[in-house]
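Next comes query-v1.txt, a file with compact mmCIF, C-alpha atoms.
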```
# COMPACT_ATOMS: atom_id res chain seq x y z
CA MET A 1 186.38 38.45 102.83
CA GLY A 2 184.64 38.06 99.48
CA GLY A 3 180.96 38.00 98.64
CA GLY A 4 178.52 35.20 99.32
CA ASP A 5 175.86 34.53 101.90
CA GLY A 6 177.53 35.43 105.17
CA THR A 7 179.30 32.12 105.67
CA ASP A 8 182.23 32.20 108.09
CA GLU A 9 184.72 29.69 106.68
CA GLU A 10 186.83 29.82 109.83
CA ARG A 11 184.13 28.35 112.07
CA THR A 12 183.84 24.59 112.46
CA GLY A 13 180.54 24.36 114.33
CA THR A 14 178.53 21.65 116.01
CA ALA A 15 176.84 20.30 112.89
CA ARG A 16 180.13 19.85 111.05
CA ARG A 17 181.86 18.16 114.00
CA ARG A 18 178.97 15.75 114.47
CA PHE A 19 178.81 15.07 110.73
CA ALA A 20 182.49 14.07 110.71
CA GLU A 21 181.95 11.75 113.67
CA ALA A 22 178.82 10.16 112.18
CA ALA A 23 180.51 9.60 108.82
CA ARG A 24 183.18 7.49 110.49
CA GLU A 25 180.86 5.18 112.39
CA ASP A 26 181.03 1.49 111.47
CA ARG A 27 177.38 1.68 110.39
CA PRO A 28 176.69 5.28 109.38
CA ASP A 29 173.18 6.54 110.15
CA LEU A 30 171.85 7.92 106.86
CA ALA A 31 169.06 9.96 108.45
CA LEU A 32 171.44 11.51 110.98
CA LEU A 33 173.95 12.50 108.28
CA CYS A 34 171.21 14.07 106.15
CA LEU A 35 169.76 15.96 109.11
CA LEU A 36 173.23 17.29 109.93
CA ILE A 37 173.58 18.55 106.34
CA GLY A 38 170.36 20.47 106.96
CA ALA A 39 171.75 21.77 110.26
CA GLU A 40 174.91 22.93 108.48
CA ALA A 41 172.80 24.84 105.97
CA ALA A 42 170.84 26.51 108.74
CA THR A 43 173.97 27.25 110.78
CA ARG A 44 175.58 28.95 107.80
CA GLY A 45 172.53 31.07 107.08
CA SER A 46 172.03 29.37 103.71
CA LEU A 47 168.25 29.16 104.01
CA ARG A 48 167.50 32.79 104.74
CA ARG A 49 166.60 33.47 101.12
CA GLU A 50 165.21 30.00 100.45
CA ARG A 51 162.75 29.32 103.27
CA ASP A 52 159.06 29.49 102.46
CA THR A 53 157.18 32.47 103.85
CA GLY A 54 154.16 30.30 104.61
CA GLY A 55 153.56 27.89 107.47
CA THR A 56 154.97 24.43 107.90
CA SER A 57 153.45 21.34 106.34
CA GLY A 58 152.42 20.01 109.70
CA THR A 59 155.69 18.35 110.69
CA GLY A 60 156.56 20.63 113.58
CA ILE A 61 160.20 20.83 112.48
CA ALA A 62 161.22 24.38 113.32
CA ALA A 63 164.65 24.17 114.95
CA GLY A 64 166.34 25.47 111.81
CA ALA A 65 164.90 28.89 112.52
CA ALA A 66 166.97 29.00 115.72
CA LEU A 67 170.19 28.47 113.80
CA GLY A 68 172.07 31.19 112.02
CA ALA A 69 175.52 32.42 111.12
CA GLY A 70 177.23 33.83 114.19
CA ALA A 71 175.00 32.00 116.69
CA ASP A 72 176.34 31.46 120.21
CA PRO A 73 178.12 28.04 120.30
CA VAL A 74 176.00 26.82 123.22
CA ASP A 75 172.78 27.91 121.54
CA GLU A 76 173.99 26.42 118.26
CA GLU A 77 174.66 23.05 119.85
CA ALA A 78 171.22 23.00 121.43
CA ALA A 79 169.56 24.00 118.16
CA VAL A 80 171.43 21.31 116.20
CA ASP A 81 170.39 18.73 118.80
CA ARG A 82 166.80 19.87 118.53
CA LEU A 83 166.75 19.81 114.73
CA VAL A 84 168.21 16.29 114.67
CA ASP A 85 165.88 15.03 117.39
CA GLU A 86 162.82 16.51 115.68
CA GLY A 87 163.84 15.03 112.33
CA GLN A 88 164.36 11.56 113.76
CA ALA A 89 161.08 11.82 115.69
CA GLU A 90 159.22 12.82 112.52
CA LEU A 91 160.59 9.79 110.67
CA ASP A 92 159.49 7.62 113.62
CA ARG A 93 156.02 9.21 113.50
CA LEU A 94 155.67 8.59 109.77
CA ALA A 95 156.66 4.94 110.25
CA ARG A 96 153.92 4.52 112.84
CA LEU A 97 151.36 5.70 110.27
CA LEU A 98 151.95 2.60 108.14
CA PRO A 99 149.22 0.02 108.75
CA PHE A 100 150.68 -2.96 110.61
CA ARG A 101 150.75 -6.25 108.74
CA ARG A 102 153.00 -9.29 109.12
CA GLY A 103 154.82 -10.89 106.23
CA ARG A 104 154.38 -8.22 103.58
CA ALA A 105 155.79 -9.07 100.17
CA PRO A 106 158.07 -6.46 98.52
CA ALA A 107 155.28 -5.18 96.27
CA GLU A 108 152.98 -4.87 99.29
CA TRP A 109 155.58 -2.81 101.15
CA ALA A 110 155.96 -0.54 98.14
CA ALA A 111 152.19 -0.14 97.90
CA ALA A 112 151.89 0.67 101.61
CA LEU A 113 154.53 3.42 101.36
CA GLU A 114 152.96 4.81 98.19
CA ARG A 115 149.56 4.98 99.82
CA THR A 116 150.73 6.53 103.13
CA LEU A 117 153.58 8.81 102.10
CA GLY A 118 152.60 9.52 98.52
CA ARG A 119 148.83 9.68 98.32
CA GLU A 120 147.79 10.47 101.90
CA LEU A 121 150.63 12.76 102.99
CA GLY A 122 151.60 14.21 99.62
CA PHE A 123 155.32 13.50 99.58
CA GLY A 124 156.62 13.84 96.03
CA GLY A 125 158.43 16.10 93.61
CA SER A 126 158.13 18.10 90.41
CA ALA A 127 160.39 20.10 88.10
CA PRO A 128 160.38 23.32 90.20
CA ASP A 129 161.81 21.40 93.15
CA TYR A 130 165.12 21.08 91.30
CA ARG A 131 165.54 24.87 91.57
CA ARG A 132 165.37 24.98 95.37
CA LEU A 133 168.18 24.37 97.84
CA GLU A 134 165.55 23.18 100.32
CA SER A 135 164.90 20.18 98.08
CA SER A 136 168.30 18.77 99.09
CA LEU A 137 167.89 19.26 102.85
CA LEU A 138 166.11 16.54 104.83
CA PRO A 139 164.62 18.81 107.55
CA GLU A 140 163.09 20.97 104.81
CA VAL A 141 161.85 17.96 102.81
CA LEU A 142 160.11 16.68 105.91
CA ARG A 143 158.62 20.13 106.47
CA ARG A 144 157.52 20.81 102.89
CA ARG A 145 156.97 17.19 101.76
CA ARG A 146 158.68 18.13 98.50
CA GLY A 147 162.21 17.39 97.37
CA LEU A 148 164.63 15.85 94.92
CA PRO A 149 164.40 12.13 94.14
CA ILE A 150 167.33 11.27 96.40
CA LEU A 151 165.96 13.10 99.46
CA LEU A 152 162.49 11.65 98.98
CA SER A 153 164.15 8.24 98.68
CA VAL A 154 165.88 8.89 102.00
CA VAL A 155 162.45 9.55 103.54
CA TRP A 156 161.04 6.37 101.98
CA THR A 157 163.94 4.15 103.08
CA GLU A 158 164.16 5.55 106.60
CA VAL A 159 160.41 5.31 107.20
CA ALA A 160 160.22 1.82 105.70
CA ARG A 161 163.27 0.63 107.63
CA ARG A 162 161.72 1.78 110.90
CA ALA A 163 158.59 -0.16 110.01
CA GLY A 164 160.58 -3.35 109.41
CA ALA A 165 160.67 -3.39 105.60
CA PRO A 166 163.56 -4.89 103.61
CA VAL A 167 164.43 -1.61 101.86
CA TYR A 168 167.42 0.04 100.20
CA GLY A 169 168.27 3.01 97.99
CA VAL A 170 169.20 2.62 94.32
CA ALA A 171 171.40 5.28 92.70
CA LEU A 172 170.26 5.07 89.08
CA PRO A 173 171.97 7.46 86.67
CA GLY A 174 170.22 10.79 87.03
CA HIS A 175 167.45 9.51 89.31
CA PHE A 176 167.45 7.93 92.77
CA VAL A 177 164.79 5.32 93.57
CA VAL A 178 164.00 2.79 96.31
CA GLY A 179 164.08 -1.01 96.29
CA PHE A 180 162.04 -3.37 98.45
CA GLY A 181 162.99 -7.01 98.97
CA ASP A 182 166.18 -8.87 98.08
CA PRO A 183 168.41 -6.94 95.63
CA ALA A 184 169.72 -10.26 94.32
CA GLY A 185 166.32 -11.97 94.29
CA GLY A 186 162.68 -10.99 94.51
CA HIS A 187 162.32 -7.24 94.69
CA VAL A 188 160.43 -4.25 93.33
CA LEU A 189 161.56 -0.68 92.69
CA ALA A 190 159.53 2.44 93.44
CA ASP A 191 159.93 6.11 92.54
CA PRO A 192 159.31 8.40 95.56
CA PHE A 193 159.67 11.48 93.34
CA GLY A 194 156.56 10.26 91.53
CA GLY A 195 154.74 9.63 94.80
CA GLY A 196 156.03 6.07 95.21
CA THR A 197 154.76 4.47 92.02
CA GLN A 198 156.28 1.06 91.28
CA LEU A 199 158.62 0.83 88.30
CA GLY A 200 158.55 -1.96 85.75
CA GLU A 201 161.38 -2.84 83.41
CA ASP A 202 160.07 -0.56 80.67
CA GLU A 203 159.81 2.45 82.99
CA LEU A 204 163.30 1.79 84.34
CA ALA A 205 164.76 1.48 80.85
CA VAL A 206 163.19 4.77 79.75
CA MET A 207 164.35 6.53 82.94
CA VAL A 208 167.96 5.38 82.55
CA ALA A 209 168.06 6.02 78.80
CA GLY A 210 166.86 9.56 79.35
CA ALA A 211 169.66 10.23 81.85
CA THR A 212 172.46 8.52 79.91
CA GLY A 213 171.56 9.36 76.32
CA GLY A 214 170.38 5.87 75.45
CA SER A 215 172.67 3.55 77.42
CA PRO A 216 170.94 0.34 78.51
CA LEU A 217 170.19 -0.47 82.13
CA SER A 218 173.02 -2.42 83.73
CA ALA A 219 172.94 -4.77 86.70
CA ALA A 220 175.51 -2.56 88.46
CA ALA A 221 173.09 0.36 88.35
CA LEU A 222 170.59 -1.61 90.45
CA ARG A 223 172.89 -2.41 93.35
CA PRO A 224 172.02 -0.95 96.78
CA ALA A 225 173.58 2.43 97.51
CA GLY A 226 175.35 2.72 100.86
CA PRO A 227 174.77 5.64 103.27
CA LEU A 228 178.05 7.42 102.50
CA GLU A 229 177.57 7.01 98.75
CA THR A 230 174.10 8.51 99.13
CA VAL A 231 175.34 11.41 101.24
CA LEU A 232 178.12 12.25 98.77
CA ARG A 233 175.55 12.30 95.96
CA ILE A 234 173.36 14.67 97.98
CA LEU A 235 176.31 16.99 98.55
CA ASN A 236 177.18 16.80 94.84
CA ASN A 237 173.63 17.93 94.09
CA ILE A 238 174.04 20.90 96.43
CA ARG A 239 177.33 21.82 94.75
CA ALA A 240 175.66 21.57 91.34
CA TRP A 241 172.77 23.77 92.54
CA ALA A 242 175.16 26.46 93.80
CA ALA A 243 177.68 26.36 90.93
CA PRO A 244 175.71 28.62 88.49
CA ARG A 245 174.82 30.99 91.36
CA PRO A 246 177.99 32.99 92.23
CA GLU A 247 176.15 34.73 95.04
CA ARG A 248 175.73 31.33 96.73
CA SER A 249 179.42 30.37 96.68
CA GLY A 250 179.23 29.93 100.44
CA VAL A 251 176.72 27.11 99.98
CA ARG A 252 179.00 25.42 97.48
CA LEU A 253 181.94 25.82 99.84
CA TRP A 254 180.30 24.17 102.83
CA ALA A 255 179.03 21.34 100.61
CA VAL A 256 182.60 20.75 99.43
CA GLU A 257 183.90 20.88 102.98
CA LEU A 258 181.35 18.36 104.24
CA SER A 259 182.26 16.09 101.31
CA LEU A 260 185.91 16.28 102.37
CA LEU A 261 184.92 14.95 105.80
CA LEU A 262 183.67 11.69 104.28
CA PRO A 263 186.16 8.77 104.54
CA HIS A 264 186.19 8.37 100.74
CA HIS A 265 185.85 11.41 98.48
CA PRO A 266 187.23 12.62 95.14
CA GLY A 267 190.64 14.18 95.70
CA ARG A 268 189.90 17.00 93.28
CA LEU A 269 187.47 18.43 95.83
CA ARG A 270 190.55 19.87 97.59
CA PHE A 271 191.28 21.98 94.53
CA GLU A 272 187.64 23.04 94.28
CA ARG A 273 187.74 24.20 97.90
CA ALA A 274 190.90 26.21 97.19
CA GLN A 275 189.29 27.84 94.16
CA LEU A 276 186.23 28.79 96.21
CA LEU A 277 188.38 30.32 98.93
CA VAL A 278 190.04 32.51 96.30
CA GLU A 279 186.66 33.47 94.83
CA ARG A 280 185.51 34.52 98.30
CA GLY A 281 188.59 36.70 98.88
CA HIS A 282 190.80 34.33 100.89
CA PHE A 283 193.68 34.63 98.44
CA LEU A 284 196.55 33.42 100.62
CA ARG A 285 194.67 30.46 102.08
CA GLY A 286 193.37 29.46 98.66
CA ALA A 287 196.83 29.76 97.08
CA ARG A 288 198.40 27.72 99.86
CA GLU A 289 195.84 24.93 99.46
CA MET A 290 196.33 24.95 95.69
CA GLU A 291 200.05 24.47 96.19
CA GLU A 292 199.47 21.62 98.63
CA TYR A 293 197.15 19.94 96.15
CA ALA A 294 199.69 20.39 93.35
CA ASP A 295 202.32 18.63 95.49
CA VAL A 296 199.97 15.67 95.92
CA VAL A 297 199.16 15.20 92.21
CA ALA A 298 202.56 16.16 90.78
CA ALA A 299 203.91 12.61 90.52
CA MET A 300 200.89 11.31 88.60
CA GLU A 301 199.81 14.43 86.69
CA PRO A 302 202.73 16.85 86.32
CA ASN A 303 200.97 19.02 83.74
CA ALA A 304 197.89 19.35 85.92
CA ALA A 305 200.08 20.17 88.91
CA GLU A 306 201.78 22.98 87.00
CA ASN A 307 198.39 24.41 86.01
CA VAL A 308 197.35 24.39 89.68
CA ARG A 309 200.58 26.12 90.72
CA ARG A 310 199.95 28.74 88.03
CA ALA A 311 196.49 29.34 89.52
CA ALA A 312 198.08 29.67 92.97
CA ARG A 313 200.50 32.32 91.69
CA ALA A 314 197.59 34.21 90.14
CA ALA A 315 195.72 34.09 93.45
CA ARG A 316 198.72 35.52 95.33
CA ALA A 317 199.07 38.25 92.70
CA ARG A 318 195.55 39.45 93.50
CA LEU A 319 196.88 40.74 96.84
CA ASN A 320 199.01 43.38 95.09
```
Rewrite the coordinates I just gave you, this time as structure tokens.
Amino acid sequence: MGGGDGTDEERTGTARRRFAEAAREDRPDLALLCLLIGAEAATRGSLRRERDTGGTSGTGIAAGAALGAGADPVDEEAAVDRLVDEGQAELDRLARLLPFRRGRAPAEWAAALERTLGRELGFGGSAPDYRRLESSLLPEVLRRRRGLPILLSVVWTEVARRAGAPVYGVALPGHFVVGFGDPAGGHVLADPFGGGTQLGEDELAVMVAGATGGSPLSAAALRPAGPLETVLRILNNIRAWAAPRPERSGVRLWAVELSLLLPHHPGRLRFERAQLLVERGHFLRGAREMEEYADVVAAMEPNAAENVRRAARAARARLN
């Protein structure tokens, strides 16, 4: 087996099985899916070099420490259950911290979340958070109260939803935010990465232009993002984090494999998985999967299929 971080690609595991089941529910639970991504990271030992050496941020979420590559299946199942239960309980607890008030307008909901989560509890993000795997894992974001825009938006939406707010995620180009109210009517947008500050049209335009190189804000960019769309974007972020770090190819591999469990995913992820298997020393398995992928795309992209078959032959040659 090749280098990496100790990941055992042969093992399915509790977190992965539950993730596949949750992704196929009629109404996928966004918090559950994100917590299971965190459990997968802990199960695969991906956080051993990422976890803070200091104490927790007061959340009490510690089940990840009980997970590790090679854990007993019974212990692993119990630890995954505990991590998920503690994560859901923490989101429930945060929702109870919001002051109760009937008939809040969208801007009032946004202000309440900004005050409680942003100012009082310190949830937010900064540039260094983009360099940490933990910033893409919900259990760790709840523990550290720091994360990427999309994970902080998951915290905002899940806490607000539990409190009864009309809330939804918005997958802007390059930056995930949260909407309160009616997406087709009266609503406001807030930026959890900035502590929950509300965004006016000017701020939105600057944010989108910075991510797209000057393209204007479109109505399509403001539509609500569904749970599976959000989860795939989170996994894409993890893949992007791991890609320039060859020593973390195991992280990239499990992120690809979780993506492949989603009902709708880019087909090219199958080729990426095959490439990663080869990189990690699984030459025959990687070559076989490349050949299977080439068979699928041959009718539509014959040149691309031949390139994939050439890569498969090169992978087999590495056994000699």
>> I'd like to know which of A:Ala240, A:Leu30, A:Leu276, A:Ala311 is closest to Glu291 (chain A), using all atoms listed in the file.
In response: A:Ala311
> Looking at A:Ala42, A:Thr14, A:Ala255, A:Ala315, which one is nearest to His282 (chain A), with distances taken over all atoms listed in the file?
Replying inline: A:Ala315
>> I'd like the neighbourhood of Met207 (chain A) as a PyMOL selection string, where a residue qualifies if any of its atoms comes within 9 Å (using only C-alpha atoms), though same-chain residues fewer than 6 positions away should be ignored.
In response: chain A and resi 172-175
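Residue nearest Arg24 (chain A) within the list A:Arg145, A:His264, A:Arg273, A:Arg280: A:His264 [criterion: smallest interatomic distance, only C-alpha atoms].
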> A:Ala171, A:Leu133, A:Ala110, A:Val278: which is nearest Val251 (chain A), counting all atoms listed in the file?
Replying inline: A:Leu133
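Here CA of Ala312 (chain A) stands at a distance of 8.3 Å from CA of Glu289 (chain A).
Between CA of Arg96 (chain A) and CA of Ala165 (chain A) lies a distance of 12.7 Å.
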> Could you work out how far CA of Trp241 (chain A) lies from CA of Leu260 (chain A), giving the answer in Å with one decimal?
Replying inline: 18.0 Å
